[in-house]
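S.K.: So that you have it, the file is structure-v5.tsv, and it contains TSV, C-alpha atoms and all ligand atoms:
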chain	number	residue	atom	x	y	z
A	186	MET	CA	-21.55	6.54	-8.65
A	187	THR	CA	-18.18	6.47	-10.44
A	188	PRO	CA	-15.74	4.43	-8.35
A	189	LEU	CA	-12.56	6.12	-7.13
A	190	LEU	CA	-10.47	3.35	-8.65
A	191	GLU	CA	-11.59	0.35	-10.65
A	192	VAL	CA	-9.50	-2.58	-11.82
A	193	MET	CA	-11.20	-4.43	-14.68
A	194	GLY	CA	-10.00	-7.87	-15.70
A	195	VAL	CA	-6.38	-6.85	-15.42
A	196	SER	CA	-3.50	-9.15	-16.37
A	197	ARG	CA	0.22	-8.58	-16.58
A	198	THR	CA	2.39	-11.08	-18.43
A	199	VAL	CA	6.16	-11.32	-18.04
A	200	GLN	CA	8.17	-13.78	-20.12
A	201	GLY	CA	5.03	-15.66	-21.10
A	202	ARG	CA	3.79	-16.02	-17.51
A	203	ASP	CA	0.79	-14.18	-16.04
A	204	ILE	CA	2.12	-12.65	-12.82
A	205	VAL	CA	-1.26	-10.92	-12.37
A	206	SER	CA	-4.16	-12.68	-13.98
A	207	ASP	CA	-7.66	-11.36	-14.62
A	208	VAL	CA	-8.05	-9.35	-11.40
A	209	SER	CA	-11.13	-7.14	-10.97
A	210	LEU	CA	-11.81	-4.82	-8.07
A	211	ARG	CA	-13.71	-1.64	-7.19
A	212	LEU	CA	-12.41	0.40	-4.27
A	213	HIS	CA	-15.04	1.54	-1.79
A	214	PRO	CA	-14.64	5.16	-0.65
A	215	GLY	CA	-12.78	5.42	2.64
A	216	GLU	CA	-12.04	1.71	2.99
A	217	MET	CA	-8.81	0.05	4.01
A	218	LEU	CA	-8.29	-2.89	1.66
A	219	GLY	CA	-5.60	-5.41	2.57
A	220	LEU	CA	-3.74	-7.32	-0.15
A	221	ILE	CA	-2.42	-10.59	1.15
A	222	GLY	CA	-0.85	-13.67	-0.39
A	223	PRO	CA	2.36	-15.68	-0.38
A	224	ASN	CA	5.68	-14.30	-1.65
A	225	GLY	CA	5.55	-13.83	-5.40
A	226	SER	CA	1.73	-13.99	-5.62
A	227	GLY	CA	1.51	-10.64	-7.42
A	228	LYS	CA	0.70	-8.09	-4.71
A	229	SER	CA	3.40	-5.54	-5.66
A	230	THR	CA	2.62	-5.96	-9.35
A	231	LEU	CA	-1.07	-5.30	-8.71
A	232	LEU	CA	-0.22	-2.18	-6.67
A	233	ASN	CA	1.99	-0.92	-9.51
A	234	LEU	CA	-0.83	-1.54	-12.01
A	235	MET	CA	-3.24	0.35	-9.72
A	236	ALA	CA	-0.74	3.22	-9.44
A	237	GLY	CA	-0.42	3.48	-13.23
A	238	LEU	CA	3.30	2.68	-13.04
A	239	MET	CA	2.81	-0.51	-15.06
A	240	ARG	CA	0.49	-1.04	-17.96
A	241	PRO	CA	-1.75	-4.09	-17.97
A	242	CYS	CA	-1.32	-6.50	-20.88
A	243	ARG	CA	-5.09	-7.13	-20.75
A	244	GLY	CA	-7.93	-5.28	-19.00
A	245	ARG	CA	-7.69	-1.75	-17.66
A	246	VAL	CA	-7.50	0.43	-14.55
A	247	CYS	CA	-9.69	3.54	-14.25
A	248	LEU	CA	-9.21	6.44	-11.85
A	249	HIS	CA	-12.49	8.32	-11.32
A	250	GLY	CA	-13.78	6.63	-14.47
A	251	GLN	CA	-10.80	7.74	-16.57
A	252	PRO	CA	-8.56	5.05	-18.08
A	253	MET	CA	-5.22	5.39	-16.29
A	254	ASP	CA	-3.22	5.36	-19.54
A	255	ARG	CA	-5.00	8.54	-20.71
A	256	LEU	CA	-4.02	10.51	-17.58
A	257	ARG	CA	-0.82	12.45	-17.07
A	258	ARG	CA	1.51	11.44	-14.23
A	259	ARG	CA	0.78	14.73	-12.44
A	260	GLN	CA	-3.00	14.18	-12.59
A	261	ILE	CA	-2.56	10.67	-11.19
A	262	ALA	CA	-0.24	11.94	-8.42
A	263	GLN	CA	-2.82	14.52	-7.32
A	264	HIS	CA	-5.20	11.66	-6.56
A	265	LEU	CA	-3.02	8.74	-5.66
A	266	ALA	CA	0.22	8.13	-3.76
A	267	LEU	CA	2.27	4.94	-3.66
A	268	VAL	CA	4.65	3.93	-0.90
A	269	ALA	CA	6.78	1.31	-2.63
A	270	GLN	CA	8.70	-1.44	-0.83
A	271	SER	CA	12.07	0.21	-1.29
A	272	ALA	CA	12.38	3.67	-2.72
A	273	GLU	CA	15.91	5.02	-2.56
A	274	THR	CA	17.53	8.28	-3.46
A	275	GLY	CA	21.18	8.92	-4.12
A	276	ASP	CA	20.67	12.65	-3.56
A	277	ARG	CA	21.90	14.27	-0.36
A	278	ILE	CA	18.68	15.58	1.06
A	279	THR	CA	17.27	16.15	4.50
A	280	VAL	CA	14.23	14.40	5.92
A	281	ARG	CA	12.16	17.58	5.46
A	282	GLU	CA	13.23	17.87	1.81
A	283	ALA	CA	12.29	14.23	1.22
A	284	VAL	CA	8.81	14.91	2.59
A	285	GLU	CA	8.54	18.18	0.60
A	286	LEU	CA	8.82	16.07	-2.56
A	287	GLY	CA	5.27	14.92	-1.78
A	288	ARG	CA	4.04	18.41	-2.69
A	289	THR	CA	5.50	18.22	-6.25
A	290	PRO	CA	2.21	17.29	-8.02
A	291	TRP	CA	0.61	20.46	-6.63
A	292	LEU	CA	3.38	22.90	-7.66
A	293	GLY	CA	4.01	24.55	-11.01
A	294	PRO	CA	5.04	27.79	-12.72
A	295	LEU	CA	1.75	29.40	-11.66
A	296	ARG	CA	1.58	27.66	-8.33
A	297	PRO	CA	4.65	28.43	-6.18
A	298	TRP	CA	5.30	26.92	-2.75
A	299	ARG	CA	2.80	28.35	-0.22
A	300	ALA	CA	2.11	28.28	3.51
A	301	GLU	CA	-0.35	25.38	3.01
A	302	ASP	CA	2.54	23.30	1.62
A	303	ASP	CA	4.54	23.97	4.81
A	304	THR	CA	1.46	22.95	6.82
A	305	ALA	CA	1.05	19.69	4.87
A	306	VAL	CA	4.74	18.83	5.33
A	307	ALA	CA	4.68	19.63	9.07
A	308	ALA	CA	1.50	17.56	9.57
A	309	ALA	CA	3.02	14.63	7.68
A	310	LEU	CA	6.25	14.71	9.72
A	311	ASP	CA	4.23	14.88	12.95
A	312	ALA	CA	1.98	12.02	11.88
A	313	VAL	CA	4.89	9.58	11.57
A	314	ASP	CA	6.72	10.91	14.62
A	315	MET	CA	9.66	12.25	12.59
A	316	ALA	CA	9.35	16.02	13.18
A	317	HIS	CA	12.31	15.94	15.56
A	318	MET	CA	14.49	14.49	12.78
A	319	ALA	CA	13.40	16.93	10.04
A	320	ALA	CA	16.89	18.40	9.63
A	321	ARG	CA	18.69	15.04	9.53
A	322	ASP	CA	20.37	13.72	6.38
A	323	TRP	CA	18.20	11.08	4.70
A	324	SER	CA	21.26	8.88	4.23
A	325	SER	CA	21.85	8.75	7.99
A	326	LEU	CA	18.43	7.20	8.78
A	327	SER	CA	17.78	3.60	9.79
A	328	GLY	CA	15.55	1.38	7.62
A	329	GLY	CA	12.52	1.95	9.85
A	330	GLU	CA	13.04	5.71	9.99
A	331	ARG	CA	13.28	5.82	6.17
A	332	GLN	CA	10.04	3.87	5.93
A	333	ARG	CA	8.31	6.44	8.14
A	334	VAL	CA	9.65	9.26	5.96
A	335	HIS	CA	8.32	7.51	2.82
A	336	ILE	CA	4.91	7.38	4.42
A	337	ALA	CA	5.21	11.04	5.43
A	338	ARG	CA	6.08	11.94	1.80
A	339	ALA	CA	2.95	10.15	0.58
A	340	HIS	CA	0.87	11.79	3.37
A	341	ALA	CA	2.16	15.26	2.35
A	342	GLN	CA	0.93	14.54	-1.18
A	343	THR	CA	-2.64	14.68	0.30
A	344	PRO	CA	-3.93	11.90	-1.96
A	345	ARG	CA	-7.44	10.47	-1.94
A	346	ILE	CA	-6.03	7.00	-2.52
A	347	LEU	CA	-2.98	5.70	-0.73
A	348	LEU	CA	-1.29	2.50	-1.95
A	349	LEU	CA	1.24	0.97	0.42
A	350	ASP	CA	3.50	-2.01	-0.25
A	351	GLU	CA	4.29	-3.71	3.06
A	352	PRO	CA	4.61	-0.41	4.94
A	353	THR	CA	5.33	-2.11	8.26
A	354	ASN	CA	8.51	-3.79	6.95
A	355	HIS	CA	11.50	-2.60	8.94
A	356	LEU	CA	9.34	-1.15	11.70
A	357	ASP	CA	9.51	-2.14	15.34
A	358	ILE	CA	6.21	-3.32	16.84
A	359	HIS	CA	5.49	0.10	18.42
A	360	HIS	CA	5.83	1.84	15.06
A	361	GLN	CA	4.03	-0.98	13.18
A	362	ILE	CA	0.93	-0.39	15.27
A	363	GLY	CA	1.45	3.38	15.12
A	364	ILE	CA	1.63	3.37	11.31
A	365	LEU	CA	-1.47	1.17	10.99
A	366	ASP	CA	-3.34	3.43	13.44
A	367	LEU	CA	-2.21	6.44	11.41
A	368	ILE	CA	-3.32	4.88	8.11
A	369	ALA	CA	-6.66	3.81	9.60
A	370	GLY	CA	-7.22	7.36	10.89
A	371	LEU	CA	-6.54	9.10	7.57
A	372	CYS	CA	-9.48	10.27	5.47
A	373	VAL	CA	-8.19	8.35	2.45
A	374	THR	CA	-8.98	5.13	0.69
A	375	THR	CA	-6.12	2.75	1.30
A	376	VAL	CA	-4.80	-0.39	-0.34
A	377	ILE	CA	-2.11	-2.03	1.72
A	378	ALA	CA	-0.04	-5.12	0.91
A	379	LEU	CA	0.57	-7.03	4.12
A	380	HIS	CA	2.18	-10.23	5.31
A	381	ASP	CA	1.00	-10.12	8.92
A	382	LEU	CA	-2.49	-11.64	9.03
A	383	HIS	CA	-3.13	-9.88	12.35
A	384	HIS	CA	-2.72	-6.58	10.53
A	385	ALA	CA	-5.05	-7.89	7.81
A	386	LEU	CA	-7.74	-8.40	10.47
A	387	ARG	CA	-7.83	-4.61	10.90
A	388	CYS	CA	-8.78	-4.02	7.24
A	389	ASP	CA	-12.34	-3.43	6.05
A	390	ARG	CA	-11.82	-5.97	3.25
A	391	VAL	CA	-9.00	-8.25	2.22
A	392	LEU	CA	-8.11	-9.46	-1.26
A	393	VAL	CA	-6.24	-12.75	-1.23
A	394	MET	CA	-3.84	-13.45	-4.10
A	395	GLN	CA	-2.36	-16.73	-5.18
A	396	ALA	CA	-0.22	-17.18	-8.30
A	397	GLY	CA	-1.42	-13.84	-9.71
A	398	ARG	CA	-5.13	-14.52	-9.23
A	399	CYS	CA	-7.62	-13.06	-6.77
A	400	VAL	CA	-8.89	-16.11	-4.89
A	401	ALA	CA	-11.02	-14.30	-2.28
A	402	LEU	CA	-12.27	-10.79	-1.56
A	403	GLY	CA	-14.35	-9.68	1.39
A	404	PRO	CA	-14.38	-8.78	5.10
A	405	PRO	CA	-11.45	-10.45	6.92
A	406	ALA	CA	-13.73	-12.33	9.32
A	407	GLU	CA	-15.40	-14.01	6.35
A	408	VAL	CA	-12.31	-14.52	4.18
A	409	LEU	CA	-9.53	-15.46	6.62
A	410	THR	CA	-10.90	-18.87	7.54
A	411	PRO	CA	-8.63	-21.72	8.71
A	412	ALA	CA	-9.43	-23.57	5.46
A	413	LEU	CA	-8.34	-20.65	3.25
A	414	ILE	CA	-5.19	-20.00	5.29
A	415	ARG	CA	-4.26	-23.70	5.07
A	416	ARG	CA	-4.81	-23.71	1.29
A	417	ILE	CA	-2.94	-20.47	0.57
A	418	PHE	CA	-0.15	-20.41	3.15
A	419	ALA	CA	0.21	-24.12	4.06
A	420	VAL	CA	-0.19	-23.45	7.78
A	421	GLU	CA	-2.81	-24.48	10.30
A	422	ALA	CA	-4.41	-21.38	11.81
A	423	GLU	CA	-6.66	-21.11	14.81
A	424	LEU	CA	-8.29	-17.86	15.84
A	425	VAL	CA	-7.94	-17.54	19.61
A	426	PRO	CA	-9.97	-15.03	21.66
A	427	HIS	CA	-7.94	-12.16	23.09
A	428	LEU	CA	-8.08	-12.37	26.87
A	429	GLY	CA	-8.00	-8.58	27.20
A	430	GLY	CA	-11.09	-8.21	24.99
A	431	GLY	CA	-9.19	-7.03	21.90
A	432	ARG	CA	-9.24	-8.55	18.41
A	433	PRO	CA	-8.76	-12.34	18.35
A	434	VAL	CA	-5.25	-13.57	17.56
A	435	PHE	CA	-4.07	-16.35	15.25
A	436	ALA	CA	-2.13	-19.33	16.53
A	437	PHE	CA	-0.20	-20.81	13.58
A	438	GLN	CA	1.42	-24.15	12.98
A	439	ARG	CA	3.39	-24.86	9.81
A	440	LEU	CA	2.27	-27.78	7.68
A	441	SER	CA	5.16	-29.78	6.27
B	501	LIG	N1	10.39	-8.03	-14.23
B	501	LIG	C1	10.11	-9.29	-13.90
B	501	LIG	N2	10.61	-10.33	-14.59
B	501	LIG	C2	10.31	-11.60	-14.27
B	501	LIG	N3	9.49	-11.93	-13.23
B	501	LIG	C3	8.98	-10.93	-12.51
B	501	LIG	C4	9.26	-9.56	-12.79
B	501	LIG	N4	8.59	-8.79	-11.90
B	501	LIG	C5	7.95	-9.65	-11.09
B	501	LIG	N5	8.19	-10.92	-11.45
B	501	LIG	C6	7.66	-12.13	-10.81
B	501	LIG	O1	6.27	-11.96	-10.66
B	501	LIG	C7	5.81	-12.58	-9.47
B	501	LIG	C8	5.00	-11.61	-8.65
B	501	LIG	O2	5.88	-10.64	-8.08
B	501	LIG	P1	5.39	-9.57	-7.02
B	501	LIG	O3	6.57	-8.78	-6.61
B	501	LIG	O4	4.22	-8.85	-7.59
B	501	LIG	O5	4.90	-10.52	-5.83
B	501	LIG	P2	4.53	-10.15	-4.32
B	501	LIG	O6	3.26	-10.87	-4.00
B	501	LIG	O7	4.53	-8.68	-4.11
B	501	LIG	O8	5.75	-10.83	-3.55
B	501	LIG	P3	6.43	-10.54	-2.10
B	501	LIG	O9	5.40	-10.92	-1.06
B	501	LIG	O10	7.57	-11.51	-2.09
B	501	LIG	O11	6.85	-9.11	-2.03
B	501	LIG	C9	7.05	-13.14	-8.78
B	501	LIG	O12	7.17	-14.51	-9.08
B	501	LIG	C10	8.19	-12.35	-9.41
B	501	LIG	O13	9.40	-13.10	-9.41
Can you present the structure in this file as structure tokens?

M.R.:
Amino acid sequence: MTPLLEVMGVSRTVQGRDIVSDVSLRLHPGEMLGLIGPNGSGKSTLLNLMAGLMRPCRGRVCLHGQPMDRLRRRQIAQHLALVAQSAETGDRITVREAVELGRTPWLGPLRPWRAEDDTAVAAALDAVDMAHMAARDWSSLSGGERQRVHIARAHAQTPRILLLDEPTNHLDIHHQIGILDLIAGLCVTTVIALHDLHHALRCDRVLVMQAGRCVALGPPAEVLTPALIRRIFAVEAELVPHLGGGRPVFAFQRLS
């Protein structure tokens, strides 16, 4: 079967340095794949390569078997949405208008705005608990509220693949868990760059990056071992059972 998205031996070189180096990956339908790694290890660059926003210097990325560089932006956006780390707009728009932008890939001269677009926008606002702020000015929102609107915009795009770059940044713990629950409940294939290893435990697979390379890929229980965490993050990690019967939690200690 043709994979939804395939990354084949992809590298990206900037100023003579490989910031992503020979990464290969096939997304499994419906999975939540976590991208983890230290600051500067190449997670955002890999997401941008997967989204077709950057071209690889070597290797290629295929969407439904089609090389990304042969597809038009609109075709890509009908299949894939990216929530970047910081997307800003200088325009004076409301929250609802920001989310309506997610419908752009589906509109055209022969395809005007329809009731189903209103439905998609309303569902997206509800999903991130922002419906009550739909009429607010975007510029008046807090960092966490903006992040939720970005996710709503991507949700309204109704993609099959959702790429998220640290989507829980700026969010309070209630909304961090809410956003991860929301993402896990969506019928989409998700790639999500994360720093919190507890969040990574919720993923179906994790890809660990270090200095641009993929150093491990697999189920979190197999990959996130104390030895790997020590090697990659220079911390001692112990997985402690959750007394309430939930997922185990990490106890960390920094290595000097
Ligand atoms: N345009 C650029 N010019 C020079 N170096 C760059 C450029 N873009 C990215 N880099 C470097 O490439 C490396 C990977 O960056 P990237 O943003 O992909 O890392 P990351 O894993 O997402 O980091 P973080 O966890 O801090 O968000 C970093 O060292 C960064 O400084």

S.K.: How would you report the residues lying within 7 Å of ligand LIG 501 (chain B), as a CSV table (one decimal) with C-alpha atoms, in the coordinates of the input, if you count only C-alpha atoms and all ligand atoms?

M.R.:
chain,number,residue,atom,x,y,z
A,199,VAL,CA,6.2,-11.3,-18.0
A,200,GLN,CA,8.2,-13.8,-20.1
A,204,ILE,CA,2.1,-12.6,-12.8
A,222,GLY,CA,-0.8,-13.7,-0.4
A,223,PRO,CA,2.4,-15.7,-0.4
A,224,ASN,CA,5.7,-14.3,-1.6
A,225,GLY,CA,5.6,-13.8,-5.4
A,226,SER,CA,1.7,-14.0,-5.6
A,227,GLY,CA,1.5,-10.6,-7.4
A,228,LYS,CA,0.7,-8.1,-4.7
A,229,SER,CA,3.4,-5.5,-5.7
A,230,THR,CA,2.6,-6.0,-9.4
A,231,LEU,CA,-1.1,-5.3,-8.7
A,397,GLY,CA,-1.4,-13.8,-9.7

S.K.: Atom CA of Leu189 of chain A and atom CA of Leu212 of chain A are how many Å apart?

M.R.: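 Separation of atom CA of Leu189 of chain A and atom CA of Leu212 of chain A: 6.4 Å.
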
S.K.: When you look at Glu216 of chain A with a cut-off of 10 Å (counting all atoms listed in the file), what residues show up, excluding the ones that are within fewer than 2 positions of it in the same chain? I need them as a list of chain:residue names.

M.R.: A:Leu212, A:His213, A:Pro214, A:Leu218, A:Gly219, A:Ile346, A:Ala369, A:Cys372, A:Val373, A:Thr374, A:Thr375, A:Val376, A:Cys388, A:Asp389, A:Arg390

S.K.: Which residue out of A:His383, A:Pro404, A:Ala341, A:Gly215 has the minimum interatomic distance to Phe437 of chain A when all atoms listed in the file are used?

M.R.: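 The answer is A:His383, which sits nearest to Phe437 of chain A.
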
S.K.: So, with all atoms listed in the file as the atoms that count, which of A:Arg432, A:Glu423, A:Met318, A:Gly244 lies closest to Arg281 of chain A?

M.R.: A:Met318

S.K.: Which segment 364-411 of chain A residues have any atom within 12 Å of an atom of segment 193-198 of chain A, and for each, what is the nearest pair of atoms with distance in Å to one decimal, counting only C-alpha atoms, rows sorted by chain and number, as CSV?

M.R.:
residue,atom,partner,partner_atom,distance
A:Ala396,CA,A:Ser196,CA,11.8
A:Gly397,CA,A:Ser196,CA,8.4
A:Arg398,CA,A:Ser196,CA,9.1
A:Cys399,CA,A:Gly194,CA,10.6

S.K.: When distances are computed from only C-alpha atoms, which of A:Thr304, A:Thr353, A:Ser441, A:Ser325 shows the smallest separation from Ala385 of chain A?

M.R.: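 Of A:Thr304, A:Thr353, A:Ser441, A:Ser325, the one nearest Ala385 of chain A, counting only C-alpha atoms, is A:Thr353.
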
S.K.: For the atom pair atom CA of Met235 of chain A and atom CA of Arg415 of chain A, what is the interatomic distance in Å to one decimal place?

M.R.: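 The value is 28.3 Å.
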
S.K.: Rank nothing, just name the residue among A:Leu210, A:Leu267, A:Met217, A:Ala319 nearest to Ala283 of chain A, using only C-alpha atoms.

M.R.: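 Of the candidates, the smallest distance to Ala283 of chain A is held by A:Ala319.
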
S.K.: Once you count only C-alpha atoms, which residues end up no further than 12 Å from (-3.9, 3.1, -19.9) in the file's frame, shown as a CSV table (one decimal) with C-alpha atoms, keeping the file's coordinate frame?

M.R.:
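Full text of result26.csv as output:
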chain,number,residue,atom,x,y,z
A,192,VAL,CA,-9.5,-2.6,-11.8
A,193,MET,CA,-11.2,-4.4,-14.7
A,195,VAL,CA,-6.4,-6.8,-15.4
A,234,LEU,CA,-0.8,-1.5,-12.0
A,235,MET,CA,-3.2,0.4,-9.7
A,236,ALA,CA,-0.7,3.2,-9.4
A,237,GLY,CA,-0.4,3.5,-13.2
A,238,LEU,CA,3.3,2.7,-13.0
A,239,MET,CA,2.8,-0.5,-15.1
A,240,ARG,CA,0.5,-1.0,-18.0
A,241,PRO,CA,-1.8,-4.1,-18.0
A,242,CYS,CA,-1.3,-6.5,-20.9
A,243,ARG,CA,-5.1,-7.1,-20.8
A,244,GLY,CA,-7.9,-5.3,-19.0
A,245,ARG,CA,-7.7,-1.8,-17.7
A,246,VAL,CA,-7.5,0.4,-14.6
A,247,CYS,CA,-9.7,3.5,-14.2
A,248,LEU,CA,-9.2,6.4,-11.8
A,250,GLY,CA,-13.8,6.6,-14.5
A,251,GLN,CA,-10.8,7.7,-16.6
A,252,PRO,CA,-8.6,5.0,-18.1
A,253,MET,CA,-5.2,5.4,-16.3
A,254,ASP,CA,-3.2,5.4,-19.5
A,255,ARG,CA,-5.0,8.5,-20.7
A,256,LEU,CA,-4.0,10.5,-17.6
A,257,ARG,CA,-0.8,12.4,-17.1
A,258,ARG,CA,1.5,11.4,-14.2
A,261,ILE,CA,-2.6,10.7,-11.2

S.K.: Taking into account all atoms listed in the file, which residue in the set A:Leu392, A:Gln260, A:Gln332, A:Leu326 is nearest to Asp357 of chain A?

M.R.: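 Closest residue, counting all atoms listed in the file: A:Gln332.
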
S.K.: At what distance in Å, to one decimal, does atom CA of Trp298 of chain A lie from atom CA of Ile336 of chain A?

M.R.: 20.8 Å

S.K.: Measuring atom to atom with all atoms listed in the file, identify which of A:Ile414, A:Ala269, A:Ala305, A:Leu190 is nearest to His249 of chain A.

M.R.: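 Nearest candidate to His249 of chain A out of A:Ile414, A:Ala269, A:Ala305, A:Leu190: A:Leu190.
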
S.K.: So which residues touch Trp323 of chain A within 7 Å, counting only C-alpha atoms, skipping near sequence neighbours fewer than 3 positions away, as a list of chain:residue names?

M.R.: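 Answer for this query is A:Ile278, A:Thr279, A:Val280, A:Leu326.
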